[in-house]
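Student: Please find one structure pasted underneath; my questions will follow.
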Amino acid sequence: MIDLRSDTVTKPDDVMREAASTATVGDDVYGEDPTVNDLEARAAELVGTEAALYVPSGTMGNQIAARVHTERGQEVLADRKSHVVKYELGGLAQHADLQVRMLETERGVPSPDQIAGEYVAEDLHRPGTGLLCLENTHNARGGLAIAPEKIAAAADAARERDVPVHLDGARLFNAATALTVPASELTDPVDSVMFCLSKGLGAPVGSMLAGSEDFVERARRTRKLLGGGMRQAGIIAAPGLQALENVSDLETDHEHARLLADGLAEISGFDVQEPETNIVLVDVAGTGLETEAVLERLEERDVLATPFGPTTIRFCTHRDASREHIQTALETVKNTFEAV
Ligand SMILES: *Cc1c(COP(=O)(O)O)cnc(C)c1O
């Protein structure tokens, strides 16, 4: 089976398993797990913040950030297709008592004019805008790498109005790699950032939530509230530390995505979006088939991808899919659809 559904399917390698088995641990709820403490320090250093917090998932990281930055009933500004809006079970409402003002944006980033226009000042009748949430890379828009100037322009427009900014950087290092900038250039303009260890970086579990010391102290309490306080978490934090060594491998995933996209584009009826990182979106409407029918045919031939709309499929490259795997997958898709 060649599994290109997601970069979350990567399994811990031998280095990670070894790190887990030899990790020094303690009770992290008491702040006594040296491995977690190392991971948090290293993560903060990488994204240029004062502090960072290890959280069980990216979703929890985003939800904690939303709750810490805001007050009940406030509005969040977010792109219509952002992960916090589409894929977190309405958590902004459930965990942070927020309502979302969804924006139709270009490339997933609200412009400064849009932010100025959609901002709501608090008064007797209006709840006020409490947060701007950005995403990089932008998953649902096809792994777009958002340039630092765009992030900074949006963040500045929010912060001028005293609105804090959270960056959902689940694939932050894919963005930094594609744009050839240090990750900190993408995070400097924002108040908090979440990034996943468990996606392209290959860790079995976990994400990091980073920001100022004050923010992280409050985030730690909220993590406990949500049931995310973990005890001898060094066992899973140790592979997380190893995952931070894998940043430089992401470029290979991006090369593989380009290889895949170029090949898929040769198939008639496949409309392929040019990949910027490790995600390839394909609109299969031209085949006359819907997503599920296409995915079924591929699965019969041992290739997996993800449904992303009635006629849209997402392929995601990752460190457990080699160049040979990508070539085999490509041959399979070509054979399957030339036969239609
Ligand atoms: C995967 C993802 C998340 C959530 O991460 P989980 O660890 O799966 O909860 C958040 N935002 C984006 C953009 C993602 O792609």
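In the structure tokens, each chain is lettered A, B, ... as it comes, each chain's residues begin at 1, and ligands are numbered from 1 in order of appearance.
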Using only C-alpha atoms and all ligand atoms, what are the residues with an atom within 6 Å of ligand 1, set out as a count of residues only?

Tutor: 7

Student: When DSSP is applied to the backbone of this structure, which of region 83-267 of chain A are assigned alpha helix (DSSP H)? Write them out as a ChimeraX atom specification.

Tutor: /A:83-86,91-96,112-118,148-159,172-179,183-187,213-225,234-243,250-264

Student: So which residues touch Lys334 (chain A) within 9 Å, counting only C-alpha atoms, skipping near sequence neighbours fewer than 2 positions away, as a list of chain:residue names?

Tutor: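 Counting only C-alpha atoms, the residues come to A:Gly263, A:Leu264, A:Glu266, A:Ile267, A:Ala329, A:Leu330, A:Glu331, A:Thr332, A:Thr336, A:Phe337, A:Glu338, A:Ala339.
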
Student: Could you tell me which of A:Ser184, A:Thr129, A:Thr8, A:Thr287 comes closest to Leu167 (chain A) if we count only C-alpha atoms?

Tutor: A:Ser184

Student: With a distance cut-off of 12 Å and only C-alpha atoms, select the neighbouring residues of Asp7 (chain A), excluding the residue or stretch itself and same-chain residues fewer than 6 positions from it, and output the selection as number ranges by chain.

Tutor: A: 139, 143, 170-171, 174, 196-204, 250, 253-254, 257, 277-279, 305-306, 314-321

Student: Between A:Gly142, A:Arg297, A:Ala238, A:Glu213, which residue has the minimum interatomic distance to Glu274 (chain A), considering only C-alpha atoms?

Tutor: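 Nearest to Glu274 (chain A): A:Gly142.
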
Student: Based on the backbone DSSP call, show me all residues of region 159-197 of chain A assigned strand (DSSP E), as a VMD selection string.

Tutor: chain A and resid 165 to 168 192 to 196

Student: Identify which of the residues A:Thr291, A:Thr180, A:Gln242, A:Gln327 lies closest to Thr311 (chain A), counting only C-alpha atoms when measuring atom-to-atom distances.

Tutor: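 Looking only at the distances to Thr311 (chain A), the closest residue turns out to be A:Thr291.
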
Student: Using only C-alpha atoms, pick whichever of A:His125, A:Arg223, A:Lys81, A:Arg231 has the shortest atom-to-atom distance to His95 (chain A).

Tutor: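 Using only C-alpha atoms, His95 (chain A) sits closest to A:Arg223.
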
Student: Nearest residue to Asp156 (chain A) out of A:Glu45, A:Asp191, A:Asp123, A:Asp283, using only C-alpha atoms?

Tutor: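 Among the listed residues, A:Asp191 lies closest to Asp156 (chain A).
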
Student: Could you state the separation of CA of Thr49 (chain A) and CA of Phe215 (chain A) in Å, given to one decimal place?

Tutor: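 Between CA of Thr49 (chain A) and CA of Phe215 (chain A) the gap works out to 10.5 Å.
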
Student: Counting only C-alpha atoms, figure out which residue out of A:His325, A:Lys224, A:Arg301, A:Arg107 gets nearest to Ala147 (chain A).

Tutor: A:Arg107
